[in-house]
>>> print(open('structure.txt').read())   # compact mmCIF, C-alpha atoms and all ligand atoms
# COMPACT_ATOMS: atom_id res chain seq x y z
CA GLU A 1119 70.16 40.76 97.93
CA LYS A 1120 68.80 39.90 94.53
CA ILE A 1121 66.04 37.46 93.70
CA THR A 1122 65.53 35.87 90.29
CA ILE A 1123 62.10 35.19 88.86
CA SER A 1124 62.11 32.51 86.17
CA VAL A 1125 59.11 31.62 84.03
CA ILE A 1126 59.94 28.59 81.91
CA LYS A 1127 57.33 26.82 79.78
CA ALA A 1128 56.98 24.03 77.28
CA ASP A 1129 54.30 22.12 75.42
CA ILE A 1130 54.97 18.51 76.33
CA GLY A 1131 51.63 17.11 75.22
CA GLY A 1132 48.07 18.31 74.64
CA TRP A 1133 44.74 16.99 75.91
CA PRO A 1134 43.12 16.46 73.47
CA GLY A 1135 45.03 17.64 70.41
CA HIS A 1136 46.57 21.06 71.17
CA HIS A 1137 43.75 22.06 73.54
CA LYS A 1138 45.07 22.08 77.11
CA VAL A 1139 47.46 20.56 79.66
CA HIS A 1140 46.29 17.37 81.40
CA PRO A 1141 46.17 17.76 85.22
CA ALA A 1142 48.51 14.76 85.64
CA LEU A 1143 51.33 16.79 84.04
CA ILE A 1144 50.73 19.68 86.42
CA GLU A 1145 50.74 17.21 89.32
CA LYS A 1146 54.02 15.68 88.17
CA ALA A 1147 55.67 19.09 87.78
CA ARG A 1148 54.48 20.13 91.28
CA GLU A 1149 55.96 16.97 92.73
CA ILE A 1150 59.40 17.67 91.23
CA LEU A 1151 59.44 21.38 92.08
CA SER A 1152 58.26 20.66 95.65
CA LYS A 1153 61.31 18.49 96.09
CA ALA A 1154 63.58 21.21 94.65
CA LYS A 1155 62.02 23.69 97.08
CA GLU A 1156 62.64 21.37 100.03
CA GLU A 1157 66.24 20.94 98.91
CA GLY A 1158 66.64 24.71 98.68
CA THR A 1159 67.32 24.95 94.92
CA ILE A 1160 64.35 27.28 94.54
CA ILE A 1161 62.67 29.58 97.06
CA ASP A 1162 59.14 29.18 95.78
CA PHE A 1163 57.21 28.01 92.71
CA HIS A 1164 53.83 27.76 91.07
CA VAL A 1165 52.83 25.41 88.26
CA THR A 1166 50.02 26.29 85.87
CA TYR A 1167 49.04 26.09 82.20
CA CYS A 1168 47.93 28.18 79.28
CA GLY A 1169 46.30 26.05 76.60
CA ASP A 1170 48.64 23.11 75.98
CA ASP A 1171 51.69 24.80 77.51
CA LEU A 1172 52.93 23.76 80.96
CA GLN A 1173 54.11 26.82 82.92
CA LEU A 1174 56.75 26.78 85.68
CA ILE A 1175 56.98 30.00 87.71
CA MET A 1176 59.95 29.93 90.11
CA THR A 1177 61.88 32.25 92.43
CA HIS A 1178 65.49 31.59 93.49
CA LYS A 1179 68.87 33.20 94.13
CA LYS A 1180 70.85 31.67 91.29
CA GLY A 1181 70.52 34.43 88.70
CA THR A 1182 69.33 34.19 85.10
CA ASP A 1183 70.57 31.37 82.84
CA SER A 1184 71.45 29.25 85.88
CA PRO A 1185 72.34 25.66 84.89
CA ASP A 1186 70.69 24.49 88.15
CA ILE A 1187 67.38 26.17 87.41
CA HIS A 1188 67.37 25.41 83.68
CA GLY A 1189 68.38 21.84 84.48
CA LEU A 1190 65.51 21.59 86.96
CA ALA A 1191 63.03 22.86 84.36
CA TRP A 1192 64.41 20.48 81.71
CA GLU A 1193 64.23 17.55 84.15
CA THR A 1194 60.65 18.51 85.03
CA PHE A 1195 59.60 18.64 81.38
CA LYS A 1196 61.36 15.33 80.68
CA GLU A 1197 59.66 13.59 83.60
CA ALA A 1198 56.23 15.04 82.78
CA THR A 1199 56.74 13.90 79.16
CA LYS A 1200 56.93 10.34 80.46
CA THR A 1201 53.50 10.85 82.03
CA ALA A 1202 52.25 12.39 78.76
CA LYS A 1203 53.47 9.32 76.87
CA GLU A 1204 51.80 6.94 79.32
CA LEU A 1205 48.51 8.77 78.80
CA GLY A 1206 49.08 8.94 75.04
CA LEU A 1207 48.66 12.73 75.05
CA TYR A 1208 48.98 14.51 71.74
CA GLY A 1209 52.48 15.56 70.74
CA ALA A 1210 54.10 14.24 73.95
CA GLY A 1211 57.41 16.06 74.32
CA GLN A 1212 56.47 18.43 71.46
CA ASP A 1213 58.71 21.32 72.52
CA LEU A 1214 61.69 19.27 73.72
CA LEU A 1215 63.67 19.55 70.52
CA LYS A 1216 67.10 18.47 71.74
CA ASP A 1217 68.17 15.32 73.52
CA ALA A 1218 71.08 16.21 75.75
CA PHE A 1219 70.88 19.09 78.23
CA SER A 1220 74.11 21.07 78.35
CA GLY A 1221 73.57 23.77 80.95
CA ASN A 1222 71.03 26.13 79.37
CA ILE A 1223 67.49 25.56 78.20
CA ARG A 1224 67.63 28.30 75.56
CA GLY A 1225 67.74 26.91 72.04
CA MET A 1226 66.29 23.58 73.19
CA GLY A 1227 62.60 24.28 72.65
CA PRO A 1228 61.12 25.54 75.95
CA GLY A 1229 60.55 29.30 76.32
CA ALA A 1230 62.04 31.31 79.19
CA ALA A 1231 61.54 34.79 80.64
CA GLU A 1232 63.80 35.57 83.59
CA MET A 1233 64.78 38.64 85.57
CA GLU A 1234 67.22 39.11 88.45
CA ILE A 1235 66.10 42.06 90.56
CA THR A 1236 66.58 43.83 93.85
CA ILE A 1237 63.18 43.29 95.47
CA ARG A 1238 61.48 46.57 96.41
CA LYS A 1239 59.73 47.08 99.74
CA SER A 1240 56.63 45.97 97.84
CA GLU A 1241 57.13 44.16 94.53
CA PRO A 1242 53.95 43.70 92.46
CA ILE A 1243 54.52 41.71 89.27
CA VAL A 1244 52.40 40.22 86.51
CA THR A 1245 53.34 37.07 84.61
CA PHE A 1246 51.71 36.80 81.18
CA HIS A 1247 51.21 33.44 79.48
CA MET A 1248 50.05 33.12 75.86
CA ASP A 1249 49.03 30.16 73.73
CA LYS A 1250 48.71 29.79 69.94
CA THR A 1251 50.96 32.71 69.10
CA GLU A 1252 54.58 33.94 68.92
CA PRO A 1253 56.88 36.29 70.92
CA GLY A 1254 56.06 39.30 68.70
CA ALA A 1255 52.53 39.20 70.15
CA PHE A 1256 53.98 41.02 73.17
CA ASN A 1257 55.39 43.94 71.12
CA LEU A 1258 52.20 45.99 71.08
CA PRO A 1259 51.16 45.51 74.72
CA ILE A 1260 54.69 46.01 76.16
CA PHE A 1261 55.15 49.12 74.02
CA ARG A 1262 51.87 50.53 75.22
CA MET A 1263 52.65 49.84 78.91
CA PHE A 1264 56.06 51.54 78.87
CA ALA A 1265 55.86 54.07 76.02
CA ASP A 1266 52.29 55.08 75.17
CA PRO A 1267 50.86 57.93 77.26
CA PHE A 1268 47.35 57.13 75.97
CA ASN A 1269 47.72 53.80 77.78
CA THR A 1270 49.92 54.72 80.72
CA ALA A 1271 48.89 57.94 82.42
CA GLY A 1272 51.96 57.70 84.65
CA LEU A 1273 54.24 58.59 81.72
CA VAL A 1274 52.57 62.01 81.77
CA ILE A 1275 51.69 62.60 85.41
CA ASP A 1276 54.24 60.68 87.49
CA PRO A 1277 57.62 62.46 87.80
CA ASN A 1278 59.18 59.07 88.66
CA MET A 1279 58.57 57.72 85.16
CA HIS A 1280 58.28 60.90 83.11
CA MET A 1281 61.75 60.29 81.64
CA GLY A 1282 60.54 57.14 79.84
CA PHE A 1283 62.23 53.76 79.43
CA ARG A 1284 64.88 51.90 77.43
CA PHE A 1285 63.84 49.07 75.10
CA GLU A 1286 66.11 46.13 74.21
CA ILE A 1287 64.91 44.93 70.79
CA TRP A 1288 66.09 41.73 69.13
CA ASP A 1289 66.30 41.06 65.43
CA ILE A 1290 65.50 37.37 65.70
CA ARG A 1291 66.40 36.62 62.10
CA GLU A 1292 69.86 38.22 62.07
CA HIS A 1293 70.50 37.47 65.77
CA LYS A 1294 71.36 41.06 66.69
CA ARG A 1295 70.05 43.46 69.30
CA VAL A 1296 69.69 47.20 69.74
CA ILE A 1297 68.88 49.32 72.81
CA MET A 1298 66.62 52.30 72.13
CA ASN A 1299 65.30 55.18 74.20
CA SER A 1300 61.67 56.13 74.55
CA PRO A 1301 60.23 58.69 74.03
CA GLU A 1302 63.19 60.20 72.06
CA GLU A 1303 63.36 57.35 69.54
CA MET A 1304 59.72 56.29 69.68
CA TYR A 1305 59.13 56.42 65.92
CA ASP A 1306 62.26 54.36 65.26
CA ILE A 1307 61.22 51.85 67.90
CA LEU A 1308 57.84 51.51 66.18
CA ALA A 1309 59.51 51.18 62.77
CA LEU A 1310 61.15 48.02 64.11
CA ILE A 1311 58.61 46.44 66.44
CA GLY A 1312 55.66 46.96 64.09
CA ALA A 1313 57.34 44.15 62.10
CA LYS A 1314 56.61 41.74 64.91
CA SER A 1315 57.65 38.51 63.21
CA ARG A 1316 61.24 39.79 63.00
CA TYR A 1317 61.85 42.45 65.67
CA VAL A 1318 60.77 41.59 69.20
CA ILE A 1319 61.00 43.44 72.49
CA LYS A 1320 63.23 41.33 74.74
CA ARG A 1321 63.52 43.61 77.80
CA VAL A 1322 62.60 47.02 79.13
CA PHE A 1323 64.97 48.90 81.48
CA PRO A 1324 64.68 52.07 83.57
CA LYS A 1325 66.57 55.11 82.30
CA GLU A 1326 69.23 57.28 83.92
CA GLY A 1327 67.53 59.27 86.67
CA HIS A 1328 64.96 56.59 87.51
CA LYS A 1329 64.94 55.45 91.14
CA LEU A 1330 65.39 51.78 90.16
CA PRO A 1331 68.80 50.30 89.17
CA LYS A 1332 69.44 50.98 85.50
CA ASP A 1333 70.64 47.44 84.73
CA GLU A 1334 67.72 45.54 86.28
CA PRO A 1335 64.86 44.88 83.85
CA VAL A 1336 61.30 45.99 84.53
CA ALA A 1337 59.88 43.70 81.82
CA VAL A 1338 61.18 40.64 79.98
CA VAL A 1339 59.71 38.44 77.23
CA SER A 1340 60.59 34.92 76.05
CA THR A 1341 61.80 35.21 72.46
CA GLU A 1342 62.50 31.60 71.49
CA LYS A 1343 61.45 30.78 67.92
CA LEU A 1344 60.80 27.08 67.53
CA TYR A 1345 61.21 26.89 63.77
CA GLU A 1346 64.70 28.34 64.10
CA ILE A 1347 65.64 25.48 66.41
CA ALA A 1348 63.84 22.68 64.60
CA GLY A 1349 64.28 24.01 61.04
CA GLU A 1350 60.62 23.21 60.36
CA TYR A 1351 57.14 23.78 61.79
CA VAL A 1352 56.77 22.10 65.18
CA GLY A 1353 54.01 24.23 66.71
CA LYS A 1354 53.97 27.83 67.86
CA ASP A 1355 56.33 29.45 70.35
CA ASP A 1356 53.56 30.43 72.80
CA PRO A 1357 55.49 33.14 74.68
CA VAL A 1358 55.56 34.31 78.31
CA ALA A 1359 56.51 37.63 79.91
CA ILE A 1360 57.22 39.10 83.35
CA VAL A 1361 56.29 42.74 84.06
CA ARG A 1362 56.91 44.71 87.27
CA ALA A 1363 54.33 47.31 88.34
CA GLN A 1364 53.73 50.42 90.47
CA SER A 1365 55.92 53.02 92.08
CA GLY A 1366 57.82 54.55 89.15
CA LEU A 1367 56.53 51.80 86.83
CA PRO A 1368 53.15 51.37 85.14
CA ALA A 1369 50.38 50.79 87.70
CA LEU A 1370 48.80 47.34 87.70
CA GLY A 1371 45.88 48.65 85.64
CA GLU A 1372 48.28 50.27 83.15
CA VAL A 1373 50.04 46.92 82.75
CA LEU A 1374 46.72 45.23 81.95
CA GLU A 1375 45.15 48.02 79.87
CA PRO A 1376 46.74 47.09 76.48
CA PHE A 1377 44.80 43.81 76.57
CA ALA A 1378 41.50 45.70 76.47
CA PHE A 1379 42.24 45.76 72.72
CA PRO A 1380 42.41 42.24 71.22
CA HIS A 1381 45.07 43.02 68.61
CA LEU A 1382 45.88 40.68 65.72
CA VAL A 1383 48.70 38.21 66.27
CA SER A 1384 50.01 35.30 64.22
CA GLY A 1385 49.60 31.70 65.30
CA TRP A 1386 46.18 30.08 65.78
CA MET A 1387 45.44 27.00 63.62
CA ARG A 1388 48.67 25.23 62.60
CA GLY A 1389 50.60 28.34 63.59
CA SER A 1390 49.63 29.73 60.19
CA HIS A 1391 46.89 32.31 60.76
CA ASN A 1392 46.32 35.84 61.98
CA GLY A 1393 43.73 36.29 64.69
CA PRO A 1394 42.87 38.34 67.77
CA ILE A 1395 44.55 37.67 71.12
CA MET A 1396 41.79 37.11 73.68
CA PRO A 1397 42.48 38.03 77.34
CA VAL A 1398 40.98 35.25 79.47
CA PRO A 1399 40.83 33.90 83.02
CA LEU A 1400 42.66 30.58 83.48
CA LYS A 1401 39.48 28.55 83.18
CA TYR A 1402 39.15 29.83 79.60
CA ALA A 1403 42.82 29.38 78.65
CA THR A 1404 41.48 26.54 76.50
CA PRO A 1405 41.76 27.35 72.79
CA SER A 1406 39.08 25.40 70.93
CA ARG A 1407 37.59 27.19 67.91
CA PHE A 1408 39.94 26.53 64.98
CA ASP A 1409 42.48 25.75 67.75
CA GLY A 1410 42.03 29.28 69.05
CA PRO A 1411 41.60 32.14 68.99
CA PRO A 1412 44.99 32.84 70.64
CA ARG A 1413 44.78 33.37 74.42
CA ALA A 1414 46.53 35.54 77.01
CA VAL A 1415 46.40 34.92 80.76
CA ALA A 1416 47.66 37.47 83.32
CA LEU A 1417 48.65 36.28 86.80
CA GLY A 1418 49.25 38.87 89.52
CA TRP A 1419 51.76 38.38 92.35
CA GLN A 1420 53.41 40.19 95.19
CA ILE A 1421 56.96 38.96 95.76
CA SER A 1422 57.61 38.83 99.51
CA PRO A 1423 60.90 40.21 100.89
CA GLU A 1424 62.34 36.70 101.06
CA GLY A 1425 61.22 35.87 97.52
CA LYS A 1426 57.96 34.01 98.11
CA LEU A 1427 55.31 34.14 95.38
CA ILE A 1428 52.20 35.64 96.97
CA GLY A 1429 49.53 34.72 94.45
CA PRO A 1430 48.41 34.03 91.81
CA VAL A 1431 45.53 36.39 91.17
CA ASP A 1432 43.75 35.60 87.90
CA LEU A 1433 43.71 39.18 86.63
CA PHE A 1434 41.64 38.81 83.45
CA ASP A 1435 38.89 37.16 85.53
CA ASP A 1436 37.08 40.49 85.53
CA PRO A 1437 34.02 41.67 83.59
CA ALA A 1438 36.04 44.78 82.68
CA PHE A 1439 37.60 42.58 79.97
CA ASP A 1440 34.27 41.24 78.66
CA TRP A 1441 34.21 43.82 75.89
CA ALA A 1442 37.68 42.76 74.70
CA ARG A 1443 36.55 39.13 74.71
CA GLN A 1444 33.37 40.00 72.81
CA LYS A 1445 35.36 42.02 70.28
CA ALA A 1446 37.82 39.12 69.92
CA LEU A 1447 34.90 36.84 69.07
CA GLU A 1448 33.62 39.24 66.41
CA ILE A 1449 37.11 39.44 64.89
CA THR A 1450 37.38 35.65 65.10
CA GLU A 1451 34.21 35.28 63.04
CA TYR A 1452 35.30 37.93 60.55
CA MET A 1453 38.77 36.44 60.05
CA ARG A 1454 37.48 32.85 59.82
CA ARG A 1455 35.25 33.76 56.87
CA HIS A 1456 38.43 34.26 54.82
CA GLY A 1457 39.21 30.54 55.07
CA PRO A 1458 42.54 29.82 53.39
CA PHE A 1459 42.94 33.39 52.09
CA GLU A 1460 45.39 35.99 53.32
CA PRO A 1461 45.42 37.98 55.54
CA HIS A 1462 43.75 35.30 57.69
CA ARG A 1463 46.36 32.87 56.46
CA LEU A 1464 49.86 34.27 57.07
CA PRO A 1465 51.79 35.87 54.19
CA LEU A 1466 53.86 33.50 52.06
CA GLU A 1467 57.16 34.52 53.64
CA GLU A 1468 56.01 33.31 57.05
CA MET A 1469 54.39 30.19 55.59
CA GLU A 1470 57.89 29.11 54.62
CA TYR A 1471 58.23 27.59 58.09
CA THR A 1472 54.99 25.62 57.95
CA THR A 1473 53.98 22.52 56.03
CA LEU A 1474 52.91 24.55 52.95
CA PRO A 1475 56.29 24.32 51.12
CA GLY A 1476 55.71 20.54 50.87
CA VAL A 1477 52.54 21.17 48.88
CA LEU A 1478 54.20 23.72 46.60
CA GLU A 1479 57.13 21.36 46.02
CA LYS A 1480 54.77 18.77 44.52
CA LEU A 1481 53.52 21.32 41.97
CA LYS A 1482 56.99 22.51 40.99
CA ASP A 1483 57.29 20.51 37.77
CA ARG A 1484 53.80 21.45 36.56
CA PHE A 1485 54.73 25.11 36.17
CA GLU A 1486 55.66 26.26 32.66
CA PRO A 1487 57.05 29.61 31.48
CA LEU A 1488 54.49 32.22 30.37
P1 LIG B 1501 45.16 53.60 95.48
O1 LIG B 1501 44.89 54.95 96.11
O2 LIG B 1501 43.94 52.72 95.44
O3 LIG B 1501 46.36 52.93 96.08
O4 LIG B 1501 45.51 53.84 93.94
C1 LIG B 1501 46.72 54.44 93.58
C2 LIG B 1501 46.98 54.32 92.13
O5 LIG B 1501 48.02 54.75 91.69
C3 LIG B 1501 46.01 53.68 91.21
O6 LIG B 1501 46.45 53.72 89.89
P1 LIG B 1502 50.74 24.68 69.79
O1 LIG B 1502 52.02 25.40 69.48
O2 LIG B 1502 49.99 25.35 70.88
O3 LIG B 1502 51.00 23.22 70.07
O4 LIG B 1502 49.81 24.78 68.53
C1 LIG B 1502 50.10 23.99 67.43
C2 LIG B 1502 49.06 23.99 66.37
O5 LIG B 1502 49.38 23.64 65.27
C3 LIG B 1502 47.68 24.40 66.68
O6 LIG B 1502 46.84 24.23 65.55
MG MG B 1503 50.66 21.60 71.13
MG MG B 1504 50.73 25.76 72.78
MG MG B 1505 53.50 25.66 70.92
MG MG B 1506 46.03 51.69 97.58
>>> encode(input="structure.txt", output="structure tokens")
Amino acid sequence: EKITISVIKADIGGWPGHHKVHPALIEKAREILSKAKEEGTIIDFHVTYCGDDLQLIMTHKKGTDSPDIHGLAWETFKEATKTAKELGLYGAGQDLLKDAFSGNIRGMGPGAAEMEITIRKSEPIVTFHMDKTEPGAFNLPIFRMFADPFNTAGLVIDPNMHMGFRFEIWDIREHKRVIMNSPEEMYDILALIGAKSRYVIKRVFPKEGHKLPKDEPVAVVSTEKLYEIAGEYVGKDDPVAIVRAQSGLPALGEVLEPFAFPHLVSGWMRGSHNGPIMPVPLKYATPSRFDGPPRAVALGWQISPEGKLIGPVDLFDDPAFDWARQKALEITEYMRRHGPFEPHRLPLEEMEYTTLPGVLEKLKDRFEPL
């Protein structure tokens, strides 16, 4: 019997500014999900935060894109927004971009990563939660976990994963997708996903010959782009991901290893700057300097045979990631010194979706031909 893991998140108000989620919102969400658990809609849940994004982690038997589960998440965000308004939190309801819920939360503002899987005898998973960045921030780490032998020793030495994996890549501008095989098409995959603002890894699947079912994902990323829904800048997408580990898949340490390198992602202040993604324990999922730098939290779980969430374990709460954090701070300082100059500020093409066009519009009539 299959179990679905749904991670659905939204920014429904920051405390203060875009800093973090107020505990009252977490409390409210727990209250609503507890009730849904009692009523049997969900098997289990955990509510947490990353920066100013409220995170709902749920298990259930209703499959992906279930109106019941999406409706529950929407209801939870709506109710918690009322609390956010009472407290006068910043940007209350920020990511709830549509009024009427019509069965699916996609395209409404919240981000969702979901997978329906046959639970293995032992099912270790990691949920990743990022703030102050966009879905493409997962391209590099997911690629390294499932395709880079310098990251994942198992690709070389474990016969159960030696055949590689399949990547489902979305062109989020043209709304198209392509499925590609690694390692055969590795260079083509990189040609796409290196352009992380346009091509994003949506899912990873096992290949023919792998012991896991070919059509059940081993990794999935939320790919919602807020500006595409709102038509203007309304904050960053702040993505989430679910990754399965061990036994024919990357070991837990291979899933975490890409974050030992704090690569540059876009987001940060006003969603308009490049900066390093810093792997942090939950207590430091609190972007402050220049509203950043962008953060990543990794929560470890075992899914019990009946679908209970055994966890979380705060996986970046380990001195082994101190060097990455230190390096992220050095890069933060280096990038900040550029002030409003590229490549700290995003290239013009990506600034199109921020508040910059308003400034340029004012100057339009002052330009004269050379
Ligand atoms: P253990 O022997 O500690 O289970 O480790 C196995 C493994 O694959 C570590 O990557
Ligand atoms: P969030 O998407 O996390 O709300 O960030 C918005 C922002 O503009 C930060 O400076
Ligand atoms: Mg915010
Ligand atoms: Mg946020
Ligand atoms: Mg956001
Ligand atoms: Mg062991």
>>> closest_residue(input="structure.txt", among="A:Asp1266, A:Asp1276, A:Asp1183, A:Glu1326", to="ligand LIG 1501 (chain B)", atoms="all atoms listed in the file")
A:Asp1276
>>> residues_near_ligand(input="structure.txt", ligand="ligand MG 1505 (chain B)", cutoff="7 Å", atoms="only C-alpha atoms and all ligand atoms", output="list in words")
Asp1129, Asp1171, Asp1213, Asp1249, Lys1250, Gly1353, Lys1354, Asp1355 and Asp1356 of chain A
>>> closest_residue(input="structure.txt", among="A:Pro1380, A:Gly1135, A:Pro1487, A:Pro1399", to="ligand MG 1504 (chain B)", atoms="all atoms listed in the file")
A:Gly1135
>>> atom_distance(input="structure.txt", atom1="CA of Glu1302 in chain A", atom2="CA of Val1383 in chain A")
27.0 Å
>>> residues_near_point(input="structure.txt", point="(70.5, 33.9, 83.8)", cutoff="9 Å", atoms="all atoms listed in the file", output="PyMOL selection string")
chain A and resi 1122+1124+1180-1185+1222+1232-1234
>>> closest_residue(input="structure.txt", among="A:Val1352, A:Leu1417, A:Ile1243, A:Leu1474", to="ligand LIG 1502 (chain B)", atoms="only C-alpha atoms and all ligand atoms")
A:Val1352
>>> closest_atom_pairs(input="structure.txt", of="chain A", to="ligand MG 1503 (chain B)", cutoff="12 Å", atoms="all atoms listed in the file", output="JSON lines")
{"residue": "A:Ala1128", "atom": "CA", "partner": "B:MG1503", "partner_atom": "MG", "distance": 9.1}
{"residue": "A:Asp1129", "atom": "CA", "partner": "B:MG1503", "partner_atom": "MG", "distance": 5.7}
{"residue": "A:Ile1130", "atom": "CA", "partner": "B:MG1503", "partner_atom": "MG", "distance": 7.4}
{"residue": "A:Gly1131", "atom": "CA", "partner": "B:MG1503", "partner_atom": "MG", "distance": 6.2}
{"residue": "A:Gly1132", "atom": "CA", "partner": "B:MG1503", "partner_atom": "MG", "distance": 5.5}
{"residue": "A:Trp1133", "atom": "CA", "partner": "B:MG1503", "partner_atom": "MG", "distance": 8.9}
{"residue": "A:Pro1134", "atom": "CA", "partner": "B:MG1503", "partner_atom": "MG", "distance": 9.4}
{"residue": "A:Gly1135", "atom": "CA", "partner": "B:MG1503", "partner_atom": "MG", "distance": 6.9}
{"residue": "A:His1136", "atom": "CA", "partner": "B:MG1503", "partner_atom": "MG", "distance": 4.1}
{"residue": "A:His1137", "atom": "CA", "partner": "B:MG1503", "partner_atom": "MG", "distance": 7.3}
{"residue": "A:Lys1138", "atom": "CA", "partner": "B:MG1503", "partner_atom": "MG", "distance": 8.2}
{"residue": "A:Val1139", "atom": "CA", "partner": "B:MG1503", "partner_atom": "MG", "distance": 9.2}
{"residue": "A:His1140", "atom": "CA", "partner": "B:MG1503", "partner_atom": "MG", "distance": 11.9}
{"residue": "A:Cys1168", "atom": "CA", "partner": "B:MG1503", "partner_atom": "MG", "distance": 10.8}
{"residue": "A:Gly1169", "atom": "CA", "partner": "B:MG1503", "partner_atom": "MG", "distance": 8.3}
{"residue": "A:Asp1170", "atom": "CA", "partner": "B:MG1503", "partner_atom": "MG", "distance": 5.5}
{"residue": "A:Asp1171", "atom": "CA", "partner": "B:MG1503", "partner_atom": "MG", "distance": 7.2}
{"residue": "A:Leu1172", "atom": "CA", "partner": "B:MG1503", "partner_atom": "MG", "distance": 10.3}
{"residue": "A:Leu1207", "atom": "CA", "partner": "B:MG1503", "partner_atom": "MG", "distance": 9.9}
{"residue": "A:Tyr1208", "atom": "CA", "partner": "B:MG1503", "partner_atom": "MG", "distance": 7.3}
{"residue": "A:Gly1209", "atom": "CA", "partner": "B:MG1503", "partner_atom": "MG", "distance": 6.3}
{"residue": "A:Ala1210", "atom": "CA", "partner": "B:MG1503", "partner_atom": "MG", "distance": 8.6}
{"residue": "A:Gly1211", "atom": "CA", "partner": "B:MG1503", "partner_atom": "MG", "distance": 9.3}
{"residue": "A:Gln1212", "atom": "CA", "partner": "B:MG1503", "partner_atom": "MG", "distance": 6.6}
{"residue": "A:Asp1213", "atom": "CA", "partner": "B:MG1503", "partner_atom": "MG", "distance": 8.2}
{"residue": "A:Leu1214", "atom": "CA", "partner": "B:MG1503", "partner_atom": "MG", "distance": 11.6}
{"residue": "A:Asp1249", "atom": "CA", "partner": "B:MG1503", "partner_atom": "MG", "distance": 9.1}
{"residue": "A:Lys1250", "atom": "CA", "partner": "B:MG1503", "partner_atom": "MG", "distance": 8.5}
{"residue": "A:Thr1251", "atom": "CA", "partner": "B:MG1503", "partner_atom": "MG", "distance": 11.3}
{"residue": "A:Tyr1351", "atom": "CA", "partner": "B:MG1503", "partner_atom": "MG", "distance": 11.6}
{"residue": "A:Val1352", "atom": "CA", "partner": "B:MG1503", "partner_atom": "MG", "distance": 8.5}
{"residue": "A:Gly1353", "atom": "CA", "partner": "B:MG1503", "partner_atom": "MG", "distance": 6.1}
{"residue": "A:Lys1354", "atom": "CA", "partner": "B:MG1503", "partner_atom": "MG", "distance": 7.8}
{"residue": "A:Asp1355", "atom": "CA", "partner": "B:MG1503", "partner_atom": "MG", "distance": 9.7}
{"residue": "A:Asp1356", "atom": "CA", "partner": "B:MG1503", "partner_atom": "MG", "distance": 9.4}
{"residue": "A:Gly1385", "atom": "CA", "partner": "B:MG1503", "partner_atom": "MG", "distance": 11.7}
{"residue": "A:Trp1386", "atom": "CA", "partner": "B:MG1503", "partner_atom": "MG", "distance": 11.0}
{"residue": "A:Met1387", "atom": "CA", "partner": "B:MG1503", "partner_atom": "MG", "distance": 10.6}
{"residue": "A:Arg1388", "atom": "CA", "partner": "B:MG1503", "partner_atom": "MG", "distance": 9.5}
{"residue": "A:Gly1389", "atom": "CA", "partner": "B:MG1503", "partner_atom": "MG", "distance": 10.1}
{"residue": "A:Thr1404", "atom": "CA", "partner": "B:MG1503", "partner_atom": "MG", "distance": 11.7}
{"residue": "A:Pro1405", "atom": "CA", "partner": "B:MG1503", "partner_atom": "MG", "distance": 10.7}
{"residue": "A:Asp1409", "atom": "CA", "partner": "B:MG1503", "partner_atom": "MG", "distance": 9.8}
{"residue": "A:Gly1410", "atom": "CA", "partner": "B:MG1503", "partner_atom": "MG", "distance": 11.7}
>>> closest_residue(input="structure.txt", among="A:Lys1294, A:Arg1262, A:Gly1349, A:Ser1365", to="ligand MG 1506 (chain B)", atoms="all atoms listed in the file")
A:Ser1365
>>> residues_near_ligand(input="structure.txt", ligand="ligand MG 1506 (chain B)", cutoff="12 Å", atoms="only C-alpha atoms and all ligand atoms", output="count of residues only")
4
>>> residues_near_ligand(input="structure.txt", ligand="ligand LIG 1501 (chain B)", cutoff="12 Å", atoms="all atoms listed in the file", output="PyMOL selection string")
chain A and resi 1270-1272+1275-1276+1363-1375
